[in-house]
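Asker: Below you'll find the structure I mean.
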Number of protein chains: 2
Amino acid sequence: MASQTEENYLKALFNLANQEGEINISELAQQLEVSMPTANSMVKNLQKRGLVQYEKYKPVKLTPVGKKEAALIIRKHRLTEMFLVNKMGFGWEEVHEIAEQVEHIHSPKLFERMDEMMGFPTVDPHGSPIPDKQGRIQNLQLKSLIDANPGQEAVLSALADSSTDFLQYLNSRNLKLGTELKILSKEPFDQSMIVSYGSVEKETLSQKVCEKLLVKIFETN
Amino acid sequence: MASQTEENYLKALFNLANQEGEINISELAQQLEVSMPTANSMVKNLQKRGLVQYEKYKPVKLTPVGKKEAALIIRKHRLTEMFLVNKMGFGWEEVHEIAEQVEHIHSPKLFERMDEMMGFPTVDPHGSPIPDKQGRIQNLQLKSLIDANPGQEAVLSALADSSTDFLQYLNSRNLKLGTELKILSKEPFDQSMIVSYGSVEKETLSQKVCEKLLVKIFETN
DNA sequence: ATAAATTGTTAGAGTATTCTAACAAATAAT
DNA sequence: ATTATTTGTTAGAATACTCTAACAATTTAT
Ligand SMILES: [Mn+2]
Ligand SMILES: [Mn+2]
Ligand SMILES: [Mn+2]
Ligand SMILES: [Mn+2]
C-alpha cells in the first residue's frame with residue numbers, strides 16, 4: 001500500500017501532467033516543496049513500484065496503474081471537500097487543507113457513505129470533477145472566461161485556481177459557482193473585462209482573474 | 001507537534017495508566033504491537049519532549065502536558081466515533097478503525113463542527129466519556145454488571161471492551177446502551193447471570209460478558 | 001559556437017521508526 | 001538462597017524520507 005508521502009507524490013504527478021502526461025522533476029519538486037534530489041529519489045521509488053515510467057534525464061509519466069491510484073486519492077479529496085461544504089457547513093475556502101489530510105484515510109466505507117449522503121455529486125466545491133470509483137474523470141470542456149466575448153453570457157462552473165486567496169477574492173465579490181455573468185466589455189489593452197451578475201451591475205475583472213474563471217458560455221443565437 | 005506515531009504512544013500510555021498513572025514498557029509494547037526496544041526508545045524520545053517522566057527500570061508516567069495531549073487526541077477519536085454513528089449511519093462496531101486514523105487530523109475546526117452538529121455529546125458510542133477541550137475527563141462511576149444482584153435493575157451505560165467481536169456479540173443479542181436489564185439470577189458456580197430486557201425474557205450472560213457491561217444500578221428501595 | 005543558466009543526478013548524511021541479538025536487572029519459583 | 005523467568009536496556013542495523021554539496025546533462029542566451 002502506498003504511504004501518505006507516496007500518495008501525495010502520485011497526486012502531484014497527476015495534477016501536473018501535461019497533454020502528453022509528462023512531468024519534469026523540477027515542477028514536481030516545486031509543487032511538493034521538496035528539493036530536486038528528494039523528488040528524484042521518490043520517482044525512482046515509484047518506478048520500482050510500477051507507478052511511474054521513468055528514464056534518466058527524461059520527463060516522468062504515470063503508468064495506468066499509477067494514474068488510477070492517483071485518481072482514487074483525488075476522488076477521496078474531492079468527496080471530502082464536498083462533504084465538508086454540503087454537510088458540515090464549511091466555506092469552500094476552508095476545505096482544501098482538511099481534505100489534504102482526510103484523503104489519506106483508508107476506509108472505502110467512509111467515502112462511500114459521504115458519496116451516498118450527498119447523492120453522488122460529480123464535482124467538488126470548486127467545480128473540479130470527482131473521479132468515479134474506477135478512477136475515471138469526466139472532462140467538462142469548460143472555457144476560460146477570457147475566451148468569452150462582449151454580449152455573451154456565461155455560467156461560472158469551475159475554477160482553474162482554488163487557492164484560499166483567490167477563493168476569498170471571489171467571496172468578497174459574491175462570485176459563486178452557478179453565477180451567471182454578462183460580459184459587458186473587454187479591454188484590449190490589459191485583457192480585463194467588465195461584467196455584470198446577480199445584483200452587481202458592474203464589476204471589473206482583471207485578466208488574471210478571468211483566466212481562472214472556468215465557464216459554460218451560452219450559445220448566442 | 002507530535003507525529004502520528006507519537007500520538008498513538010501517548011494515547012496508549014493514557015489508556016494503560018493504572019491508579020498511580022504508571023505503565024510498564026512491556027504493556028506498552030504489547031498494546032502497540034511493537035518490540036520492547038522500540039517502545040523503550042520511543043519512551044526516551046517522549047521524555048526528551050517533556051511528555052513522560054521516566055527513569056531506567058522504573059515504570060513510565062505521563063506528565064501533565066503529556067496527559068493533556070493524550071486526552072485531546074482521545075477527544076478527537078471519540079467525537080469522530082460519535083459523528084460516524086450519529087450523523088453518518090455507521091454501526092458502533094465499525095467506527096473504531098476509522099477513528100484511529102481520523103484522530104490524527106490537525107484541524108480544530110473539523111472537530112468543533114462535529115461537536116456542534118451533535119449538540120456537544122459527553123460520551124462516545126461505546127459509553128466512554130469524551131474529554132472536554134481542556135482535556136478533562138469526567139468519571140461516570142459506573143459499576144460492572146457483575147456487581148449487581150438478583151432483583152436489581154440496571155441500565156447498560158458503557159462497555160469495558162469495545163472490540164468488534166464483543167460489539168457484534170451485543171448486536172446479536174440486541175443489547176444497546178440504554179437497555180434496562182433486570183437481574184433474574186446469578187449462578188454462584190461460574191458467575192454467569194440470567195437477565196431480562198426489552199422483549200427478551202431470559203438471556204444468560206457469562207461472567208466474561210457481565211464484567212464488560214458497565215451499568216448504572218437502580219437503587220432498590 | 002560558446003557561455004550562461006537551468007535542470008537533473010549522485011553521493012553522503014541526518015532524523016524517525018522499527019527490528020533482532022545480546023546482555024542486565026528485577027521478579028518469581030524452587 | 002539459588003535458579004529460572006520475565007522485564008528492561010543497549011548495540012547495531014534496516015527502511016523511509018529528507019537534506020546539502022558537487023557534478024553532469026540539457027537548454028537558453030549571447
Ligand atoms: Mn482541494
Ligand atoms: Mn495529502
Ligand atoms: Mn475507539
Ligand atoms: Mn491512531
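In the C-alpha cells, chains take letters A, B, ... by order of appearance, with residues numbered from 1 within each chain and ligands from 1 in the order shown.
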List as a count of residues only the protein and nucleic acid residues near stretch 4-18 of chain D, meaning an atom at most 10 Å away when only C-alpha atoms (C1' of nucleotides) are counted, but skip any in the same chain fewer than 5 places from it.
Answerer: 36
Asker: Please report, as a CSV table (one decimal) with C-alpha atoms, in the first residue's frame, each residue of stretch 14-81 of chain A to which DSSP assigns helix (DSSP H, G or I) when run on this structure's backbone.
Answerer:
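Below is the file part_32.csv, written as the result:
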```
chain,number,residue,atom,x,y,z
A,14,PHE,CA,-1.5,13.5,-11.8
A,15,ASN,CA,-2.2,17.2,-11.4
A,16,LEU,CA,0.9,18.4,-13.1
A,25,ILE,CA,11.4,16.7,-11.8
A,26,SER,CA,11.7,20.4,-11.1
A,27,GLU,CA,8.0,21.0,-11.4
A,28,LEU,CA,7.3,18.1,-9.1
A,29,ALA,CA,9.8,19.2,-6.6
A,30,GLN,CA,8.4,22.7,-6.6
A,31,GLN,CA,4.8,21.5,-6.3
A,32,LEU,CA,5.7,19.4,-3.2
A,36,MET,CA,15.0,18.1,-6.6
A,37,PRO,CA,17.1,15.2,-5.3
A,38,THR,CA,14.3,14.3,-3.0
A,39,ALA,CA,11.8,14.3,-5.8
A,40,ASN,CA,14.2,12.4,-8.0
A,41,SER,CA,14.7,9.6,-5.5
A,42,MET,CA,11.0,9.3,-4.9
A,43,VAL,CA,10.4,9.0,-8.6
A,44,LYS,CA,12.9,6.1,-8.7
A,45,ASN,CA,11.0,4.5,-5.8
A,46,LEU,CA,7.6,4.9,-7.6
A,47,GLN,CA,9.2,3.4,-10.7
A,48,LYS,CA,10.3,0.4,-8.8
A,64,PRO,CA,-2.0,3.3,-16.0
A,65,VAL,CA,-1.8,1.8,-12.5
A,66,GLY,CA,-0.3,4.9,-11.1
A,67,LYS,CA,-2.8,7.1,-12.8
A,68,LYS,CA,-5.7,5.1,-11.3
A,69,GLU,CA,-4.2,5.2,-7.8
A,70,ALA,CA,-3.8,9.0,-8.1
A,71,ALA,CA,-7.4,9.4,-9.4
A,72,LEU,CA,-8.8,7.5,-6.5
A,73,ILE,CA,-6.9,9.6,-4.0
A,74,ILE,CA,-8.2,12.7,-5.8
A,75,ARG,CA,-11.7,11.1,-5.6
A,76,LYS,CA,-11.4,11.0,-1.8
A,77,HIS,CA,-10.0,14.5,-1.6
A,78,ARG,CA,-12.9,15.9,-3.6
A,79,LEU,CA,-15.6,13.9,-1.9
A,80,THR,CA,-14.3,15.2,1.4
A,81,GLU,CA,-14.3,18.8,0.3
```
Asker: Using only C-alpha atoms (C1' of nucleotides), which residues sit within 12 Å of C:DG12 once same-chain residues fewer than 4 positions away are excluded, as a ChimeraX atom specification?
Answerer: /D:19-22
Asker: Kindly export the residues of the current selection with N, CA and C atoms (P, O5', C5', C4', C3', O3' and C1' of nucleotides), as a PDB file, in the first residue's frame.
Answerer:
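selection_13.pdb, freshly written:
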```
ATOM      1  P    DC D  19      13.603  18.319   1.458  1.00  0.00           P
ATOM      2  O5'  DC D  19      15.106  18.588   1.949  1.00  0.00           O
ATOM      3  C5'  DC D  19      15.349  19.081   3.258  1.00  0.00           C
ATOM      4  C4'  DC D  19      16.841  18.996   3.570  1.00  0.00           C
ATOM      5  C3'  DC D  19      17.721  19.682   2.523  1.00  0.00           C
ATOM      6  O3'  DC D  19      18.034  20.990   2.955  1.00  0.00           O
ATOM      7  C1'  DC D  19      18.557  17.493   3.038  1.00  0.00           C
ATOM      8  P    DT D  20      18.739  22.005   1.916  1.00  0.00           P
ATOM      9  O5'  DT D  20      20.296  21.627   1.929  1.00  0.00           O
ATOM     10  C5'  DT D  20      21.051  21.605   3.142  1.00  0.00           C
ATOM     11  C4'  DT D  20      22.486  21.228   2.824  1.00  0.00           C
ATOM     12  C3'  DT D  20      23.151  22.120   1.765  1.00  0.00           C
ATOM     13  O3'  DT D  20      24.524  22.285   2.128  1.00  0.00           O
ATOM     14  C1'  DT D  20      23.146  19.887   1.006  1.00  0.00           C
ATOM     15  P    DA D  21      25.413  23.348   1.348  1.00  0.00           P
ATOM     16  O5'  DA D  21      26.427  22.397   0.551  1.00  0.00           O
ATOM     17  C5'  DA D  21      26.957  21.254   1.209  1.00  0.00           C
ATOM     18  C4'  DA D  21      27.840  20.500   0.234  1.00  0.00           C
ATOM     19  C3'  DA D  21      28.528  21.359  -0.822  1.00  0.00           C
ATOM     20  O3'  DA D  21      29.813  20.800  -1.070  1.00  0.00           O
ATOM     21  C1'  DA D  21      27.154  19.777  -1.901  1.00  0.00           C
ATOM     22  P    DA D  22      30.844  21.489  -2.065  1.00  0.00           P
ATOM     23  O5'  DA D  22      30.758  20.521  -3.328  1.00  0.00           O
ATOM     24  C5'  DA D  22      31.053  19.142  -3.129  1.00  0.00           C
ATOM     25  C4'  DA D  22      30.800  18.415  -4.426  1.00  0.00           C
ATOM     26  C3'  DA D  22      31.410  19.122  -5.656  1.00  0.00           C
ATOM     27  O3'  DA D  22      32.161  18.180  -6.387  1.00  0.00           O
ATOM     28  C1'  DA D  22      29.138  18.592  -6.028  1.00  0.00           C
TER      29       DA D  22
END
```
Asker: For B:Leu140, find every residue with an atom within 12 Å (counting only C-alpha atoms (C1' of nucleotides)), except residues of its own chain fewer than 4 positions away, and show them as number ranges by chain.
Answerer: B: 122-123, 127-130, 157-158, 214-216
Asker: Determine, counting only C-alpha atoms (C1' of nucleotides), which protein, DNA and RNA residues have an atom within 12 Å of an atom of A:Leu205; residues of the same chain fewer than 2 positions away are not included. Present the result as a VMD selection string.
Answerer: chain A and resid 145 to 146 169 to 170 173 175 181 183 to 187 190 to 196 202 to 203 207 to 213
Asker: Could those selected residues go to a file with C-alpha atoms, as an mmCIF file, in the first residue's frame?
Answerer:
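Listed below is the output, part-v6.cif:
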```
data_model
loop_
_atom_site.group_PDB
_atom_site.id
_atom_site.type_symbol
_atom_site.label_atom_id
_atom_site.label_comp_id
_atom_site.auth_asym_id
_atom_site.auth_seq_id
_atom_site.Cartn_x
_atom_site.Cartn_y
_atom_site.Cartn_z
ATOM 1 C CA LEU A 145 -13.903 33.463 -19.163
ATOM 2 C CA ILE A 146 -11.136 35.220 -21.049
ATOM 3 C CA TYR A 169 -11.382 37.295 -3.506
ATOM 4 C CA LEU A 170 -14.384 35.574 -5.098
ATOM 5 C CA ARG A 173 -17.209 39.897 -4.902
ATOM 6 C CA LEU A 175 -18.948 35.265 -7.100
ATOM 7 C CA LEU A 181 -22.140 36.558 -15.885
ATOM 8 C CA ILE A 183 -19.895 40.217 -20.459
ATOM 9 C CA LEU A 184 -20.291 43.942 -20.952
ATOM 10 C CA SER A 185 -16.893 44.752 -22.407
ATOM 11 C CA LYS A 186 -13.352 43.582 -22.803
ATOM 12 C CA GLU A 187 -10.404 45.949 -22.585
ATOM 13 C CA ASP A 190 -4.912 44.615 -20.456
ATOM 14 C CA GLN A 191 -7.473 41.919 -21.228
ATOM 15 C CA SER A 192 -9.594 42.953 -18.288
ATOM 16 C CA MET A 193 -13.368 42.521 -18.547
ATOM 17 C CA ILE A 194 -16.333 44.408 -17.266
ATOM 18 C CA VAL A 195 -19.147 42.064 -16.305
ATOM 19 C CA SER A 196 -22.500 42.151 -14.586
ATOM 20 C CA LYS A 202 -20.675 46.464 -12.997
ATOM 21 C CA GLU A 203 -17.538 44.715 -11.894
ATOM 22 C CA GLN A 207 -7.008 39.221 -16.893
ATOM 23 C CA LYS A 208 -5.551 37.119 -14.095
ATOM 24 C CA VAL A 209 -8.983 36.610 -12.599
ATOM 25 C CA CYS A 210 -10.731 35.975 -15.930
ATOM 26 C CA GLU A 211 -8.232 33.274 -16.836
ATOM 27 C CA LYS A 212 -9.062 31.437 -13.657
ATOM 28 C CA LEU A 213 -12.815 31.524 -14.024
#
```
Asker: Enumerate, in order of chain and increasing residue number, the residues of chain A with an atom no farther than 10 Å from ligand 1, each with its shortest atom pair and distance in Å to one decimal, counting only C-alpha atoms and all ligand atoms, as CSV.
Answerer:
```
residue,atom,partner,partner_atom_place_in_ligand_line,distance
A:Ile74,CA,ligand 1,1 (Mn),8.5
A:His77,CA,ligand 1,1 (Mn),6.5
A:Arg78,CA,ligand 1,1 (Mn),6.5
A:Leu79,CA,ligand 1,1 (Mn),9.8
A:Thr80,CA,ligand 1,1 (Mn),9.0
A:Glu81,CA,ligand 1,1 (Mn),6.8
A:Met82,CA,ligand 1,1 (Mn),9.7
A:Trp92,CA,ligand 1,1 (Mn),9.2
A:Glu93,CA,ligand 1,1 (Mn),9.3
A:Glu94,CA,ligand 1,1 (Mn),9.6
A:Val95,CA,ligand 1,1 (Mn),7.0
A:His96,CA,ligand 1,1 (Mn),4.1
A:Glu97,CA,ligand 1,1 (Mn),7.2
A:Ile98,CA,ligand 1,1 (Mn),8.7
A:Ala99,CA,ligand 1,1 (Mn),6.5
A:Glu100,CA,ligand 1,1 (Mn),6.9
A:Glu103,CA,ligand 1,1 (Mn),9.9
A:Asp124,CA,ligand 1,1 (Mn),8.3
A:Pro125,CA,ligand 1,1 (Mn),8.7
A:His126,CA,ligand 1,1 (Mn),8.0
A:Ser128,CA,ligand 1,1 (Mn),8.9
A:Asp161,CA,ligand 1,1 (Mn),9.8
A:Ser162,CA,ligand 1,1 (Mn),7.0
A:Ser163,CA,ligand 1,1 (Mn),8.6
```
Asker: Please report as a ChimeraX atom specification which residues of chain A come no farther than 7 Å from chain B, using only C-alpha atoms.
Answerer: /A:88,98,101,105,107,113
Asker: Can you work out the spacing between atom CA of A:Val60 and atom CA of A:Pro131 in Å, to one decimal?
Answerer: 22.2 Å
Asker: From a DSSP calculation on the backbone, collect every residue of stretch 15-219 of chain B in strand (DSSP E) and output the set as a ChimeraX atom specification.
Answerer: /B:22-23,52-53,60-62,143-144,153-159,180-186,193-197,200-205,213-217
Asker: Atoms to include: N, CA, C and O atoms. Write the selected residues as a compact mmCIF listing (two decimals), in the first residue's frame.
Answerer:
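The resulting selection35.txt:
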```
# COMPACT_ATOMS: atom_id res chain seq x y z
N GLU B 22 0.95 4.75 36.34
CA GLU B 22 2.19 4.13 35.86
C GLU B 22 1.94 3.06 34.80
O GLU B 22 0.93 2.38 34.82
N ILE B 23 2.90 2.95 33.88
CA ILE B 23 2.80 1.96 32.80
C ILE B 23 4.15 1.27 32.62
O ILE B 23 5.18 1.93 32.60
N VAL B 52 6.62 12.52 28.99
CA VAL B 52 6.57 11.49 30.03
C VAL B 52 7.73 11.66 31.01
O VAL B 52 8.72 12.31 30.72
N GLN B 53 7.52 11.04 32.15
CA GLN B 53 8.53 11.03 33.21
C GLN B 53 9.05 9.59 33.21
O GLN B 53 8.26 8.64 33.16
N VAL B 60 6.79 4.02 33.46
CA VAL B 60 6.64 5.32 32.79
C VAL B 60 5.40 6.03 33.31
O VAL B 60 4.41 5.37 33.67
N LYS B 61 5.44 7.36 33.35
CA LYS B 61 4.27 8.16 33.74
C LYS B 61 4.12 9.33 32.79
O LYS B 61 5.10 10.00 32.46
N LEU B 62 2.91 9.60 32.35
CA LEU B 62 2.69 10.81 31.55
C LEU B 62 2.85 12.04 32.43
O LEU B 62 2.42 12.04 33.59
N LYS B 143 -20.64 0.87 37.47
CA LYS B 143 -20.27 -0.42 38.04
C LYS B 143 -20.35 -1.49 36.97
O LYS B 143 -21.08 -1.35 36.00
N SER B 144 -19.63 -2.56 37.21
CA SER B 144 -19.73 -3.70 36.31
C SER B 144 -21.02 -4.44 36.64
O SER B 144 -21.43 -4.50 37.80
N GLU B 153 -32.28 -3.71 39.11
CA GLU B 153 -32.34 -3.33 37.70
C GLU B 153 -31.16 -2.43 37.39
O GLU B 153 -30.68 -1.69 38.26
N ALA B 154 -30.71 -2.51 36.15
CA ALA B 154 -29.53 -1.74 35.76
C ALA B 154 -29.65 -1.27 34.33
O ALA B 154 -30.24 -1.96 33.49
N VAL B 155 -29.11 -0.06 34.03
CA VAL B 155 -29.12 0.45 32.65
C VAL B 155 -27.74 0.27 32.06
O VAL B 155 -26.75 0.76 32.64
N LEU B 156 -27.65 -0.40 30.93
CA LEU B 156 -26.37 -0.56 30.25
C LEU B 156 -25.89 0.83 29.80
O LEU B 156 -26.57 1.50 29.03
N SER B 157 -24.73 1.26 30.31
CA SER B 157 -24.30 2.64 30.09
C SER B 157 -22.96 2.78 29.40
O SER B 157 -22.64 3.83 28.84
N ALA B 158 -22.15 1.75 29.46
CA ALA B 158 -20.85 1.80 28.78
C ALA B 158 -20.27 0.40 28.72
O ALA B 158 -20.82 -0.54 29.31
N LEU B 159 -19.15 0.27 28.01
CA LEU B 159 -18.51 -1.04 27.83
C LEU B 159 -17.07 -0.97 28.27
O LEU B 159 -16.38 0.01 28.00
N GLU B 180 -32.42 -1.48 29.59
CA GLU B 180 -32.64 -1.73 31.03
C GLU B 180 -32.65 -3.23 31.29
O GLU B 180 -33.45 -3.96 30.72
N LEU B 181 -31.78 -3.64 32.15
CA LEU B 181 -31.63 -5.07 32.45
C LEU B 181 -32.21 -5.38 33.82
O LEU B 181 -31.94 -4.68 34.79
N LYS B 182 -33.03 -6.45 33.89
CA LYS B 182 -33.49 -6.94 35.19
C LYS B 182 -32.68 -8.17 35.51
O LYS B 182 -32.60 -9.10 34.70
N ILE B 183 -32.03 -8.19 36.66
CA ILE B 183 -31.22 -9.35 37.02
C ILE B 183 -32.12 -10.39 37.67
O ILE B 183 -32.67 -10.17 38.76
N LEU B 184 -32.28 -11.52 36.99
CA LEU B 184 -33.18 -12.57 37.49
C LEU B 184 -32.44 -13.49 38.45
O LEU B 184 -32.97 -13.86 39.50
N SER B 185 -31.23 -13.86 38.09
CA SER B 185 -30.46 -14.73 38.99
C SER B 185 -28.99 -14.69 38.65
O SER B 185 -28.59 -14.19 37.59
N LYS B 186 -28.22 -15.19 39.55
CA LYS B 186 -26.77 -15.14 39.43
C LYS B 186 -26.28 -16.53 39.83
O LYS B 186 -26.61 -17.02 40.92
N MET B 193 -24.99 -14.80 34.71
CA MET B 193 -26.23 -14.17 35.18
C MET B 193 -27.35 -14.45 34.19
O MET B 193 -27.12 -14.51 32.98
N ILE B 194 -28.55 -14.58 34.72
CA ILE B 194 -29.71 -14.64 33.83
C ILE B 194 -30.44 -13.32 33.98
O ILE B 194 -30.73 -12.88 35.10
N VAL B 195 -30.66 -12.66 32.83
CA VAL B 195 -31.26 -11.33 32.86
C VAL B 195 -32.43 -11.27 31.88
O VAL B 195 -32.58 -12.14 31.03
N SER B 196 -33.24 -10.23 32.04
CA SER B 196 -34.30 -9.99 31.07
C SER B 196 -34.26 -8.52 30.70
O SER B 196 -33.87 -7.66 31.52
N TYR B 197 -34.61 -8.22 29.46
CA TYR B 197 -34.57 -6.83 29.00
C TYR B 197 -35.42 -6.71 27.75
O TYR B 197 -35.51 -7.64 26.97
N VAL B 200 -36.79 -9.43 25.43
CA VAL B 200 -36.05 -10.66 25.74
C VAL B 200 -36.37 -11.08 27.17
O VAL B 200 -36.01 -10.38 28.12
N GLU B 201 -37.04 -12.22 27.32
CA GLU B 201 -37.47 -12.61 28.66
C GLU B 201 -36.38 -13.26 29.49
O GLU B 201 -36.35 -13.17 30.72
N LYS B 202 -35.50 -13.96 28.80
CA LYS B 202 -34.45 -14.69 29.50
C LYS B 202 -33.21 -14.74 28.64
O LYS B 202 -33.26 -15.16 27.49
N GLU B 203 -32.11 -14.31 29.19
CA GLU B 203 -30.85 -14.41 28.45
C GLU B 203 -29.76 -14.69 29.47
O GLU B 203 -29.70 -14.05 30.53
N THR B 204 -28.92 -15.66 29.16
CA THR B 204 -27.81 -15.96 30.07
C THR B 204 -26.56 -15.22 29.59
O THR B 204 -26.21 -15.28 28.41
N LEU B 205 -25.94 -14.51 30.52
CA LEU B 205 -24.73 -13.77 30.18
C LEU B 205 -23.58 -14.36 30.99
O LEU B 205 -23.66 -14.47 32.22
N LEU B 213 -19.86 -5.29 30.85
CA LEU B 213 -21.03 -4.42 30.74
C LEU B 213 -21.01 -3.46 31.92
O LEU B 213 -21.11 -3.88 33.08
N LEU B 214 -20.87 -2.17 31.64
CA LEU B 214 -20.84 -1.17 32.70
C LEU B 214 -22.23 -0.57 32.83
O LEU B 214 -22.82 -0.15 31.84
N VAL B 215 -22.73 -0.54 34.05
CA VAL B 215 -24.13 -0.17 34.24
C VAL B 215 -24.32 0.84 35.36
O VAL B 215 -23.45 1.02 36.22
N LYS B 216 -25.47 1.52 35.28
CA LYS B 216 -25.96 2.29 36.42
C LYS B 216 -26.98 1.37 37.09
O LYS B 216 -27.91 0.91 36.44
N ILE B 217 -26.78 1.08 38.37
CA ILE B 217 -27.72 0.20 39.08
C ILE B 217 -28.77 1.05 39.77
O ILE B 217 -28.44 2.02 40.45
```
Asker: To one decimal in Å, tell me the separation between atom CA of A:Met118 and atom CA of B:Met118.
Answerer: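 One can read the atom CA of A:Met118 to atom CA of B:Met118 distance as 18.7 Å.
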Asker: Residues of chain C that approach chain A to 9 Å or less, counting only C-alpha atoms (C1' of nucleotides): could you list each one with the shortest pair of atoms and its distance in Å to one decimal, rows by chain and increasing residue number, as JSON lines?
Answerer:
```
{"residue": "C:DT7", "atom": "C1'", "partner": "A:Ser26", "partner_atom": "CA", "distance": 7.0}
{"residue": "C:DG8", "atom": "C1'", "partner": "A:Tyr57", "partner_atom": "CA", "distance": 6.0}
{"residue": "C:DT9", "atom": "C1'", "partner": "A:Pro37", "partner_atom": "CA", "distance": 7.5}
{"residue": "C:DT10", "atom": "C1'", "partner": "A:Pro37", "partner_atom": "CA", "distance": 9.0}
```
Asker: Could the residues in this selection be written to a file with N, CA, C and O atoms (P, O5', C5', C4', C3', O3' and C1' of nucleotides), as a short mmCIF file (atom, residue, chain, number, x, y, z; two decimals), in the first residue's frame?
Answerer:
```cif
data_model
loop_
_atom_site.label_atom_id
_atom_site.label_comp_id
_atom_site.auth_asym_id
_atom_site.auth_seq_id
_atom_site.Cartn_x
_atom_site.Cartn_y
_atom_site.Cartn_z
P DT C 7 14.45 25.35 -14.96
"O5'" DT C 7 15.03 23.87 -15.06
"C5'" DT C 7 15.19 23.27 -16.35
"C4'" DT C 7 15.83 21.92 -16.17
"C3'" DT C 7 15.18 21.06 -15.08
"O3'" DT C 7 14.76 19.87 -15.71
"C1'" DT C 7 17.54 21.06 -14.87
P DG C 8 14.13 18.62 -14.88
"O5'" DG C 8 15.43 17.76 -14.58
"C5'" DG C 8 16.13 17.15 -15.65
"C4'" DG C 8 17.24 16.30 -15.09
"C3'" DG C 8 16.79 15.33 -13.99
"O3'" DG C 8 17.20 14.03 -14.38
"C1'" DG C 8 18.71 16.56 -13.31
P DT C 9 17.01 12.78 -13.42
"O5'" DT C 9 18.46 12.63 -12.77
"C5'" DT C 9 19.58 12.43 -13.63
"C4'" DT C 9 20.83 12.23 -12.81
"C3'" DT C 9 20.68 11.20 -11.69
"O3'" DT C 9 21.56 10.13 -11.97
"C1'" DT C 9 21.73 13.21 -10.89
P DT C 10 21.63 8.86 -11.03
"O5'" DT C 10 22.84 9.22 -10.04
"C5'" DT C 10 24.11 9.58 -10.59
"C4'" DT C 10 25.07 9.92 -9.46
"C3'" DT C 10 25.07 8.91 -8.31
"O3'" DT C 10 26.41 8.50 -8.09
"C1'" DT C 10 24.80 11.12 -7.48
#
```
Asker: What is the atom CA of B:Leu51-atom CA of B:Ala12 distance in Å, reported with one decimal?
Answerer: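 Calculated distance between atom CA of B:Leu51 and atom CA of B:Ala12 is 13.0 Å.
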Asker: I need the residue nearest chain D from this list: B:Pro188, B:Pro59, B:Gln19, B:Gln152. Use only C-alpha atoms (C1' of nucleotides) for the distance.
Answerer: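 Checking each of B:Pro188, B:Pro59, B:Gln19, B:Gln152 against chain D, counting only C-alpha atoms (C1' of nucleotides), the winner is B:Pro59.
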Asker: Determine the nearest neighbour of ligand 4 from the options B:Lys11, B:Ala2, B:Ala148, B:Phe166, counting only C-alpha atoms and all ligand atoms.
Answerer: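 When distances to ligand 4 are compared using only C-alpha atoms and all ligand atoms, the smallest one comes from B:Lys11.
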Asker: Point out the residue among A:Glu20, A:Ser199, A:Ser172, A:Glu33 with the least atom-to-atom distance to chain D, counting only C-alpha atoms (C1' of nucleotides).
Answerer: A:Glu33
